[in-house]
Amino acid sequence: MRALTAAGITDQRLLRAVRTTPRAGFVPAGQLAAAYWDVPVAIGLGQVTTQPSLSAMMIESLGLRGDEHVLEIGTGLGFQTALLARLAADVVSIEMRPEIARQARGNLARHGVRNVELRVGDGSGGVPDRAPYDAVVVSAAFPEVPEPLVAQVRPAGRLVQPIGPGGHEQVVCFVRGTSGLERERVLTAARFVRLQGRYGFPQGGAELP
């Protein structure tokens with residue numbers, strides 16, 4: 001919790017959600033010790049979980065009040081998904097890798113998180129049949145916001161995404177205006193894996209340049 005307050009997190013609902021959601025329940029068994037530190041944790045297949053302070057910064061920028069319909073691109077093993085689910089009305093989360101999605105589904109069920117619809121597929125195109133969304137969080141990097149994701153944000157809704165090539169980017173919060181997404185503010189510099197898929201980087205390439 002000290003890492004979150006040091007990062008400037010002030011949303012009390014978010015701080016409570018982090019405090020009551022054990023990260024150790026959302027990492028591989030061999031990584032349990034690392035779950036208690038504010039660091040990324042490798043989860044296999046070239047993927048990592050985002051460190052809690054960075055996830056919290058991204059979530060806080062969405063300004064969730066509790067009644068939102070949220071889209072998450074990149075479920076991972078479900079820790080960030082669980083935080084979003086405790087702060088919003090419901091979450092649609094999409095994960096490209098079936099093996100990781102299967103583990104996330106089990107983790108969420110074990111922790112009683114029931115307001116999540118978990119899909120397996122290409123997150124770069126979002127989940128259009130459940131749009132529009134009040135908030136979207138993209139947990140992988142691309143030099144711009146993919147157009148399908150822009151279209152799925154409700155007017156006045158927010159989207160947060162690391163903007164860059166993968167491995168060196170700025171995490172940016174956008175607001176949907178009358179002419180599309182408008183950059184609201186840069187949250188921080190960070191390193192993320194690449195967003196792969198039809199509207200991202202080609203699948204099967206290296207995760208980082």
# chains A, B, ... in the order shown; residues from 1 in each chain; ligands from 1
$ closest_atom_pairs --of "region 77-191 of chain A" --to "region 21-32 of chain A" --cutoff "9 Å" --atoms "only C-alpha atoms" --output "Markdown table"
| residue | atom | partner | partner_atom | distance |
| --- | --- | --- | --- | --- |
| A:Leu77 | CA | A:Phe26 | CA | 5.5 |
| A:Gly78 | CA | A:Phe26 | CA | 6.2 |
| A:Phe79 | CA | A:Phe26 | CA | 5.5 |
| A:Ala82 | CA | A:Thr21 | CA | 7.5 |
| A:Leu83 | CA | A:Thr21 | CA | 7.3 |
| A:Gln103 | CA | A:Phe26 | CA | 8.7 |
| A:Ala104 | CA | A:Phe26 | CA | 7.5 |
| A:Asn107 | CA | A:Phe26 | CA | 6.1 |
| A:Leu108 | CA | A:Phe26 | CA | 8.3 |
| A:Arg110 | CA | A:Gly25 | CA | 8.6 |
| A:His111 | CA | A:Gly25 | CA | 8.1 |
$ residues_around --residues "Arg86 (chain A)" --least-positions-apart "6" --cutoff "12 Å" --atoms "only C-alpha atoms" --output "VMD selection string"
chain A and resid 13 to 21 59 64 to 68 70 79 to 80 108 111 to 116
$ select_by_dssp --residues "region 99-198 of chain A" --states "alpha helix (DSSP H)" --output "list in words"
Glu99, Ile100, Ala101, Arg102, Gln103, Ala104, Arg105, Gly106, Asn107, Leu108, Ala109, Arg110, Glu147, Pro148, Leu149, Val150 and Ala151 of chain A
$ write_last_selection --atoms "N, CA, C and O atoms" --output "PDB file, in the first residue's frame"
ATOM      1  N   GLU A  99      -4.510 -20.362 -22.694  1.00  0.00           N
ATOM      2  CA  GLU A  99      -3.967 -20.945 -21.468  1.00  0.00           C
ATOM      3  C   GLU A  99      -3.997 -19.943 -20.317  1.00  0.00           C
ATOM      4  O   GLU A  99      -4.306 -20.293 -19.177  1.00  0.00           O
ATOM      5  N   ILE A 100      -3.665 -18.693 -20.623  1.00  0.00           N
ATOM      6  CA  ILE A 100      -3.685 -17.657 -19.589  1.00  0.00           C
ATOM      7  C   ILE A 100      -5.120 -17.333 -19.199  1.00  0.00           C
ATOM      8  O   ILE A 100      -5.427 -17.155 -18.007  1.00  0.00           O
ATOM      9  N   ALA A 101      -6.010 -17.269 -20.179  1.00  0.00           N
ATOM     10  CA  ALA A 101      -7.421 -16.991 -19.878  1.00  0.00           C
ATOM     11  C   ALA A 101      -8.020 -18.054 -18.975  1.00  0.00           C
ATOM     12  O   ALA A 101      -8.797 -17.752 -18.054  1.00  0.00           O
ATOM     13  N   ARG A 102      -7.646 -19.304 -19.209  1.00  0.00           N
ATOM     14  CA  ARG A 102      -8.159 -20.395 -18.369  1.00  0.00           C
ATOM     15  C   ARG A 102      -7.732 -20.215 -16.916  1.00  0.00           C
ATOM     16  O   ARG A 102      -8.532 -20.385 -15.985  1.00  0.00           O
ATOM     17  N   GLN A 103      -6.467 -19.843 -16.714  1.00  0.00           N
ATOM     18  CA  GLN A 103      -5.988 -19.612 -15.357  1.00  0.00           C
ATOM     19  C   GLN A 103      -6.687 -18.410 -14.720  1.00  0.00           C
ATOM     20  O   GLN A 103      -7.042 -18.443 -13.533  1.00  0.00           O
ATOM     21  N   ALA A 104      -6.872 -17.358 -15.503  1.00  0.00           N
ATOM     22  CA  ALA A 104      -7.551 -16.164 -14.980  1.00  0.00           C
ATOM     23  C   ALA A 104      -8.971 -16.493 -14.546  1.00  0.00           C
ATOM     24  O   ALA A 104      -9.436 -16.038 -13.491  1.00  0.00           O
ATOM     25  N   ARG A 105      -9.653 -17.294 -15.336  1.00  0.00           N
ATOM     26  CA  ARG A 105     -11.027 -17.669 -15.010  1.00  0.00           C
ATOM     27  C   ARG A 105     -11.072 -18.374 -13.658  1.00  0.00           C
ATOM     28  O   ARG A 105     -11.939 -18.085 -12.821  1.00  0.00           O
ATOM     29  N   GLY A 106     -10.136 -19.277 -13.440  1.00  0.00           N
ATOM     30  CA  GLY A 106     -10.081 -19.981 -12.163  1.00  0.00           C
ATOM     31  C   GLY A 106      -9.750 -19.055 -11.014  1.00  0.00           C
ATOM     32  O   GLY A 106     -10.355 -19.145  -9.934  1.00  0.00           O
ATOM     33  N   ASN A 107      -8.808 -18.153 -11.229  1.00  0.00           N
ATOM     34  CA  ASN A 107      -8.432 -17.201 -10.172  1.00  0.00           C
ATOM     35  C   ASN A 107      -9.606 -16.321  -9.774  1.00  0.00           C
ATOM     36  O   ASN A 107      -9.868 -16.102  -8.582  1.00  0.00           O
ATOM     37  N   LEU A 108     -10.308 -15.790 -10.760  1.00  0.00           N
ATOM     38  CA  LEU A 108     -11.454 -14.910 -10.475  1.00  0.00           C
ATOM     39  C   LEU A 108     -12.554 -15.672  -9.736  1.00  0.00           C
ATOM     40  O   LEU A 108     -13.148 -15.149  -8.780  1.00  0.00           O
ATOM     41  N   ALA A 109     -12.808 -16.903 -10.155  1.00  0.00           N
ATOM     42  CA  ALA A 109     -13.840 -17.700  -9.490  1.00  0.00           C
ATOM     43  C   ALA A 109     -13.471 -17.982  -8.041  1.00  0.00           C
ATOM     44  O   ALA A 109     -14.322 -17.884  -7.140  1.00  0.00           O
ATOM     45  N   ARG A 110     -12.210 -18.315  -7.793  1.00  0.00           N
ATOM     46  CA  ARG A 110     -11.776 -18.608  -6.425  1.00  0.00           C
ATOM     47  C   ARG A 110     -11.905 -17.405  -5.505  1.00  0.00           C
ATOM     48  O   ARG A 110     -12.081 -17.560  -4.290  1.00  0.00           O
ATOM     49  N   GLU A 147      -8.410   1.983 -33.925  1.00  0.00           N
ATOM     50  CA  GLU A 147      -9.691   2.621 -34.255  1.00  0.00           C
ATOM     51  C   GLU A 147     -10.901   1.866 -33.707  1.00  0.00           C
ATOM     52  O   GLU A 147     -11.860   2.492 -33.239  1.00  0.00           O
ATOM     53  N   PRO A 148     -10.918   0.515 -33.721  1.00  0.00           N
ATOM     54  CA  PRO A 148     -12.075  -0.167 -33.142  1.00  0.00           C
ATOM     55  C   PRO A 148     -12.280   0.162 -31.667  1.00  0.00           C
ATOM     56  O   PRO A 148     -13.422   0.218 -31.194  1.00  0.00           O
ATOM     57  N   LEU A 149     -11.202   0.368 -30.924  1.00  0.00           N
ATOM     58  CA  LEU A 149     -11.344   0.713 -29.509  1.00  0.00           C
ATOM     59  C   LEU A 149     -11.881   2.126 -29.348  1.00  0.00           C
ATOM     60  O   LEU A 149     -12.716   2.387 -28.467  1.00  0.00           O
ATOM     61  N   VAL A 150     -11.425   3.030 -30.198  1.00  0.00           N
ATOM     62  CA  VAL A 150     -11.959   4.405 -30.165  1.00  0.00           C
ATOM     63  C   VAL A 150     -13.470   4.371 -30.338  1.00  0.00           C
ATOM     64  O   VAL A 150     -14.224   5.019 -29.604  1.00  0.00           O
ATOM     65  N   ALA A 151     -13.932   3.597 -31.311  1.00  0.00           N
ATOM     66  CA  ALA A 151     -15.354   3.545 -31.633  1.00  0.00           C
ATOM     67  C   ALA A 151     -16.194   2.932 -30.522  1.00  0.00           C
ATOM     68  O   ALA A 151     -17.401   3.183 -30.438  1.00  0.00           O
TER      69      ALA A 151
END
$ select_by_dssp --residues "chain A" --states "strand (DSSP E)" --output "ChimeraX atom specification"
/A:41-44,47-49,69-73,90-95,116-120,133-138,153-163,169-177,180-190
$ closest_atom_pairs --of "region 47-126 of chain A" --to "region 153-160 of chain A" --cutoff "12 Å" --atoms "only C-alpha atoms" --output "CSV"
residue,atom,partner,partner_atom,distance
A:Leu54,CA,A:Val160,CA,11.7
A:Ser55,CA,A:Val160,CA,10.6
A:Ala56,CA,A:Val160,CA,11.7
A:Met57,CA,A:Val160,CA,9.8
A:Met58,CA,A:Val160,CA,6.4
A:Ile59,CA,A:Val160,CA,8.2
A:Glu60,CA,A:Val160,CA,10.0
A:Ser61,CA,A:Val160,CA,7.5
A:Leu62,CA,A:Arg158,CA,5.8
A:Gly63,CA,A:Arg158,CA,8.4
A:Leu64,CA,A:Arg158,CA,9.7
A:Glu68,CA,A:Gly157,CA,9.6
A:His69,CA,A:Arg154,CA,9.8
A:Val70,CA,A:Val153,CA,9.4
A:Leu71,CA,A:Val153,CA,9.1
A:Glu72,CA,A:Leu159,CA,9.8
A:Ile73,CA,A:Val160,CA,10.4
A:Gly126,CA,A:Val153,CA,10.1
$ write_last_selection --atoms "all heavy atoms" --output "CSV table (one decimal), in the first residue's frame"
chain,number,residue,atom,x,y,z
A,54,LEU,N,1.2,0.8,-10.9
A,54,LEU,CA,1.0,1.3,-12.2
A,54,LEU,C,-0.5,0.9,-12.6
A,54,LEU,O,-1.2,1.7,-13.2
A,54,LEU,CB,2.0,0.6,-13.2
A,54,LEU,CG,1.8,1.0,-14.7
A,54,LEU,CD1,1.7,2.5,-14.9
A,54,LEU,CD2,3.0,0.4,-15.5
A,55,SER,N,-0.9,-0.3,-12.3
A,55,SER,CA,-2.3,-0.7,-12.5
A,55,SER,C,-3.3,0.3,-11.8
A,55,SER,O,-4.3,0.8,-12.4
A,55,SER,CB,-2.6,-2.1,-12.0
A,55,SER,OG,-2.2,-3.0,-12.9
A,56,ALA,N,-2.9,0.7,-10.6
A,56,ALA,CA,-3.7,1.6,-9.8
A,56,ALA,C,-3.8,3.0,-10.4
A,56,ALA,O,-4.8,3.6,-10.5
A,56,ALA,CB,-3.2,1.7,-8.4
A,57,MET,N,-2.6,3.5,-11.0
A,57,MET,CA,-2.6,4.7,-11.7
A,57,MET,C,-3.6,4.7,-12.9
A,57,MET,O,-4.3,5.7,-13.1
A,57,MET,CB,-1.2,5.1,-12.1
A,57,MET,CG,-0.3,5.5,-11.0
A,57,MET,SD,1.4,5.7,-11.5
A,57,MET,CE,1.2,7.2,-12.5
A,58,MET,N,-3.5,3.6,-13.6
A,58,MET,CA,-4.3,3.5,-14.8
A,58,MET,C,-5.8,3.5,-14.5
A,58,MET,O,-6.6,4.1,-15.1
A,58,MET,CB,-3.9,2.3,-15.6
A,58,MET,CG,-2.5,2.4,-16.2
A,58,MET,SD,-1.9,0.9,-17.0
A,58,MET,CE,-2.9,0.8,-18.5
A,59,ILE,N,-6.1,2.7,-13.4
A,59,ILE,CA,-7.5,2.5,-13.0
A,59,ILE,C,-8.0,3.9,-12.5
A,59,ILE,O,-9.2,4.3,-12.8
A,59,ILE,CB,-7.7,1.4,-12.0
A,59,ILE,CG1,-7.4,0.1,-12.7
A,59,ILE,CG2,-9.1,1.4,-11.4
A,59,ILE,CD1,-7.3,-1.1,-11.7
A,60,GLU,N,-7.2,4.5,-11.6
A,60,GLU,CA,-7.7,5.8,-11.0
A,60,GLU,C,-8.0,6.8,-12.1
A,60,GLU,O,-9.0,7.6,-11.9
A,60,GLU,CB,-6.7,6.3,-10.0
A,60,GLU,CG,-7.2,7.5,-9.3
A,60,GLU,CD,-6.2,8.0,-8.2
A,60,GLU,OE1,-5.0,8.2,-8.5
A,60,GLU,OE2,-6.6,8.0,-7.0
A,61,SER,N,-7.3,6.8,-13.2
A,61,SER,CA,-7.5,7.8,-14.2
A,61,SER,C,-8.9,7.7,-14.9
A,61,SER,O,-9.4,8.6,-15.5
A,61,SER,CB,-6.4,7.7,-15.3
A,61,SER,OG,-6.6,6.6,-16.1
A,62,LEU,N,-9.5,6.5,-14.8
A,62,LEU,CA,-10.8,6.2,-15.4
A,62,LEU,C,-11.9,6.9,-14.6
A,62,LEU,O,-13.0,7.0,-15.1
A,62,LEU,CB,-11.0,4.7,-15.5
A,62,LEU,CG,-10.0,4.0,-16.4
A,62,LEU,CD1,-10.3,2.5,-16.3
A,62,LEU,CD2,-10.1,4.4,-17.8
A,63,GLY,N,-11.6,7.2,-13.3
A,63,GLY,CA,-12.7,7.9,-12.5
A,63,GLY,C,-13.9,7.0,-12.2
A,63,GLY,O,-15.0,7.6,-12.2
A,64,LEU,N,-13.7,5.8,-11.9
A,64,LEU,CA,-14.8,4.9,-11.8
A,64,LEU,C,-15.6,5.2,-10.5
A,64,LEU,O,-15.0,5.4,-9.4
A,64,LEU,CB,-14.3,3.4,-11.7
A,64,LEU,CG,-13.6,2.9,-13.0
A,64,LEU,CD1,-13.1,1.5,-12.7
A,64,LEU,CD2,-14.5,3.0,-14.2
A,68,GLU,N,-20.2,1.7,-13.9
A,68,GLU,CA,-19.7,1.7,-15.2
A,68,GLU,C,-19.6,0.3,-15.8
A,68,GLU,O,-19.5,-0.7,-15.1
A,68,GLU,CB,-18.3,2.3,-15.2
A,68,GLU,CG,-18.2,3.8,-15.0
A,68,GLU,CD,-18.1,4.1,-13.5
A,68,GLU,OE1,-18.1,3.1,-12.7
A,68,GLU,OE2,-18.1,5.3,-13.1
A,69,HIS,N,-19.7,0.3,-17.2
A,69,HIS,CA,-19.5,-0.9,-18.0
A,69,HIS,C,-18.1,-0.7,-18.6
A,69,HIS,O,-17.8,0.2,-19.3
A,69,HIS,CB,-20.6,-0.9,-19.1
A,69,HIS,CG,-20.5,-2.0,-20.1
A,69,HIS,ND1,-20.4,-3.3,-19.7
A,69,HIS,CD2,-20.6,-2.0,-21.4
A,69,HIS,CE1,-20.4,-4.1,-20.8
A,69,HIS,NE2,-20.5,-3.3,-21.9
A,70,VAL,N,-17.2,-1.6,-18.2
A,70,VAL,CA,-15.8,-1.5,-18.5
A,70,VAL,C,-15.3,-2.6,-19.4
A,70,VAL,O,-15.6,-3.7,-19.3
A,70,VAL,CB,-15.0,-1.5,-17.2
A,70,VAL,CG1,-13.5,-1.4,-17.4
A,70,VAL,CG2,-15.4,-0.3,-16.3
A,71,LEU,N,-14.4,-2.2,-20.3
A,71,LEU,CA,-13.7,-3.1,-21.2
A,71,LEU,C,-12.2,-3.1,-20.8
A,71,LEU,O,-11.5,-2.1,-20.7
A,71,LEU,CB,-13.8,-2.7,-22.6
A,71,LEU,CG,-13.0,-3.5,-23.7
A,71,LEU,CD1,-13.4,-5.0,-23.7
A,71,LEU,CD2,-13.0,-2.9,-25.0
A,72,GLU,N,-11.6,-4.3,-20.6
A,72,GLU,CA,-10.2,-4.5,-20.3
A,72,GLU,C,-9.6,-5.3,-21.4
A,72,GLU,O,-10.1,-6.4,-21.8
A,72,GLU,CB,-10.0,-5.2,-19.0
A,72,GLU,CG,-8.5,-5.5,-18.7
A,72,GLU,CD,-8.3,-6.4,-17.5
A,72,GLU,OE1,-9.1,-7.4,-17.3
A,72,GLU,OE2,-7.4,-6.1,-16.7
A,73,ILE,N,-8.5,-4.8,-22.0
A,73,ILE,CA,-7.8,-5.5,-23.1
A,73,ILE,C,-6.5,-6.1,-22.5
A,73,ILE,O,-5.6,-5.4,-22.0
A,73,ILE,CB,-7.4,-4.5,-24.2
A,73,ILE,CG1,-8.6,-3.7,-24.7
A,73,ILE,CG2,-6.7,-5.3,-25.4
A,73,ILE,CD1,-9.7,-4.6,-25.3
A,126,GLY,N,-11.1,-5.0,-29.7
A,126,GLY,CA,-12.1,-4.8,-28.6
A,126,GLY,C,-13.2,-5.9,-28.6
A,126,GLY,O,-12.9,-7.1,-29.1
$ residues_around --residues "Pro146 (chain A)" --least-positions-apart "6" --cutoff "9 Å" --atoms "only C-alpha atoms" --output "ChimeraX atom specification"
/A:124-126,199-200
$ write_last_selection --atoms "all heavy atoms" --output "mmCIF file, in the first residue's frame"
data_model
loop_
_atom_site.group_PDB
_atom_site.id
_atom_site.type_symbol
_atom_site.label_atom_id
_atom_site.label_comp_id
_atom_site.auth_asym_id
_atom_site.auth_seq_id
_atom_site.Cartn_x
_atom_site.Cartn_y
_atom_site.Cartn_z
ATOM 1 N N SER A 124 -7.140 -6.387 -29.783
ATOM 2 C CA SER A 124 -6.897 -5.146 -30.513
ATOM 3 C C SER A 124 -8.155 -4.628 -31.197
ATOM 4 O O SER A 124 -8.245 -3.446 -31.520
ATOM 5 C CB SER A 124 -5.779 -5.339 -31.548
ATOM 6 O OG SER A 124 -6.203 -6.149 -32.631
ATOM 7 N N GLY A 125 -9.129 -5.518 -31.403
ATOM 8 C CA GLY A 125 -10.402 -5.109 -31.993
ATOM 9 C C GLY A 125 -11.492 -4.889 -30.972
ATOM 10 O O GLY A 125 -12.634 -4.594 -31.330
ATOM 11 N N GLY A 126 -11.138 -5.025 -29.689
ATOM 12 C CA GLY A 126 -12.125 -4.832 -28.633
ATOM 13 C C GLY A 126 -13.160 -5.941 -28.606
ATOM 14 O O GLY A 126 -12.932 -7.055 -29.095
ATOM 15 N N TYR A 199 -5.381 -5.213 -35.295
ATOM 16 C CA TYR A 199 -5.246 -3.756 -35.242
ATOM 17 C C TYR A 199 -4.045 -3.329 -34.388
ATOM 18 O O TYR A 199 -3.947 -2.167 -34.015
ATOM 19 C CB TYR A 199 -6.537 -3.140 -34.694
ATOM 20 C CG TYR A 199 -7.735 -3.470 -35.544
ATOM 21 C CD1 TYR A 199 -8.584 -4.523 -35.189
ATOM 22 C CD2 TYR A 199 -8.006 -2.766 -36.708
ATOM 23 C CE1 TYR A 199 -9.679 -4.854 -35.968
ATOM 24 C CE2 TYR A 199 -9.102 -3.089 -37.499
ATOM 25 C CZ TYR A 199 -9.937 -4.141 -37.123
ATOM 26 O OH TYR A 199 -11.021 -4.464 -37.902
ATOM 27 N N GLY A 200 -3.158 -4.280 -34.117
ATOM 28 C CA GLY A 200 -1.943 -3.995 -33.365
ATOM 29 C C GLY A 200 -0.740 -4.501 -34.126
ATOM 30 O O GLY A 200 -0.715 -4.476 -35.369
#
$ residues_around --residues "region 118-121 of chain A" --least-positions-apart "3" --cutoff "6 Å" --atoms "only C-alpha atoms" --output "list of chain:residue names"
A:Ser93, A:Ile94, A:Glu95, A:Met96
$ atom_distance --atom1 "CA of His168 (chain A)" --atom2 "CA of Pro143 (chain A)"
10.4 Å
$ residues_around --residues "region 171-174 of chain A" --least-positions-apart "2" --cutoff "7 Å" --atoms "only C-alpha atoms" --output "ChimeraX atom specification"
/A:61,158-163,169,176,181-190
$ closest_residue --among "A:Gln152, A:Gln12, A:Glu144, A:Ala7" --to "Asp129 (chain A)" --atoms "only C-alpha atoms"
A:Gln152
$ closest_residue --among "A:Gly123, A:Gly167, A:Val137, A:Val145" --to "Arg198 (chain A)" --atoms "only C-alpha atoms"
A:Gly123
$ atom_distance --atom1 "CA of Val92 (chain A)" --atom2 "CA of Thr178 (chain A)"
24.5 Å
$ residues_around --residues "Gln47 (chain A)" --least-positions-apart "3" --cutoff "9 Å" --atoms "only C-alpha atoms" --output "PyMOL selection string"
chain A and resi 41-44+76+193+207
$ write_last_selection --atoms "N, CA and C atoms" --output "CSV table (one decimal), in the first residue's frame"
chain,number,residue,atom,x,y,z
A,41,VAL,N,5.4,-9.2,-12.6
A,41,VAL,CA,5.6,-10.6,-12.3
A,41,VAL,C,5.4,-11.4,-13.6
A,42,ALA,N,6.4,-12.2,-14.0
A,42,ALA,CA,6.2,-13.0,-15.2
A,42,ALA,C,5.1,-14.1,-15.0
A,43,ILE,N,4.3,-14.2,-16.0
A,43,ILE,CA,3.2,-15.2,-15.9
A,43,ILE,C,3.3,-16.2,-17.0
A,44,GLY,N,4.3,-16.2,-17.8
A,44,GLY,CA,4.5,-17.2,-18.9
A,44,GLY,C,4.1,-16.7,-20.2
A,76,GLY,N,-4.5,-11.1,-18.6
A,76,GLY,CA,-3.4,-11.7,-17.8
A,76,GLY,C,-4.0,-12.8,-16.9
A,193,VAL,N,4.4,-4.9,-22.7
A,193,VAL,CA,4.5,-5.8,-23.9
A,193,VAL,C,3.7,-5.2,-25.0
A,207,GLU,N,7.9,-9.9,-28.5
A,207,GLU,CA,7.1,-9.0,-27.6
A,207,GLU,C,7.7,-7.6,-27.5
$ atom_distance --atom1 "CA of Gly74 (chain A)" --atom2 "CA of Pro128 (chain A)"
15.5 Å
$ decode --residues "region 105-117 of chain A" --atoms "N, CA, C and O atoms" --output "compact mmCIF listing (two decimals), in the first residue's frame"
# COMPACT_ATOMS: atom_id res chain seq x y z
N ARG A 105 -9.65 -17.29 -15.34
CA ARG A 105 -11.03 -17.67 -15.01
C ARG A 105 -11.07 -18.37 -13.66
O ARG A 105 -11.94 -18.08 -12.82
N GLY A 106 -10.14 -19.28 -13.44
CA GLY A 106 -10.08 -19.98 -12.16
C GLY A 106 -9.75 -19.05 -11.01
O GLY A 106 -10.36 -19.14 -9.93
N ASN A 107 -8.81 -18.15 -11.23
CA ASN A 107 -8.43 -17.20 -10.17
C ASN A 107 -9.61 -16.32 -9.77
O ASN A 107 -9.87 -16.10 -8.58
N LEU A 108 -10.31 -15.79 -10.76
CA LEU A 108 -11.45 -14.91 -10.48
C LEU A 108 -12.55 -15.67 -9.74
O LEU A 108 -13.15 -15.15 -8.78
N ALA A 109 -12.81 -16.90 -10.15
CA ALA A 109 -13.84 -17.70 -9.49
C ALA A 109 -13.47 -17.98 -8.04
O ALA A 109 -14.32 -17.88 -7.14
N ARG A 110 -12.21 -18.32 -7.79
CA ARG A 110 -11.78 -18.61 -6.42
C ARG A 110 -11.91 -17.41 -5.51
O ARG A 110 -12.08 -17.56 -4.29
N HIS A 111 -11.82 -16.21 -6.05
CA HIS A 111 -11.91 -15.00 -5.24
C HIS A 111 -13.31 -14.37 -5.31
O HIS A 111 -13.49 -13.22 -4.89
N GLY A 112 -14.26 -15.11 -5.81
CA GLY A 112 -15.65 -14.66 -5.78
C GLY A 112 -15.97 -13.49 -6.69
O GLY A 112 -16.94 -12.77 -6.45
N VAL A 113 -15.18 -13.31 -7.74
CA VAL A 113 -15.43 -12.21 -8.68
C VAL A 113 -16.37 -12.72 -9.76
O VAL A 113 -15.98 -13.55 -10.60
N ARG A 114 -17.60 -12.24 -9.77
CA ARG A 114 -18.62 -12.80 -10.64
C ARG A 114 -19.13 -11.84 -11.71
O ARG A 114 -19.84 -12.25 -12.62
N ASN A 115 -18.78 -10.57 -11.63
CA ASN A 115 -19.30 -9.60 -12.59
C ASN A 115 -18.31 -9.33 -13.73
O ASN A 115 -18.15 -8.22 -14.20
N VAL A 116 -17.63 -10.41 -14.17
CA VAL A 116 -16.68 -10.33 -15.27
C VAL A 116 -17.09 -11.32 -16.36
O VAL A 116 -17.36 -12.49 -16.08
N GLU A 117 -17.13 -10.84 -17.58
CA GLU A 117 -17.30 -11.70 -18.75
C GLU A 117 -15.93 -11.80 -19.42
O GLU A 117 -15.42 -10.81 -19.95
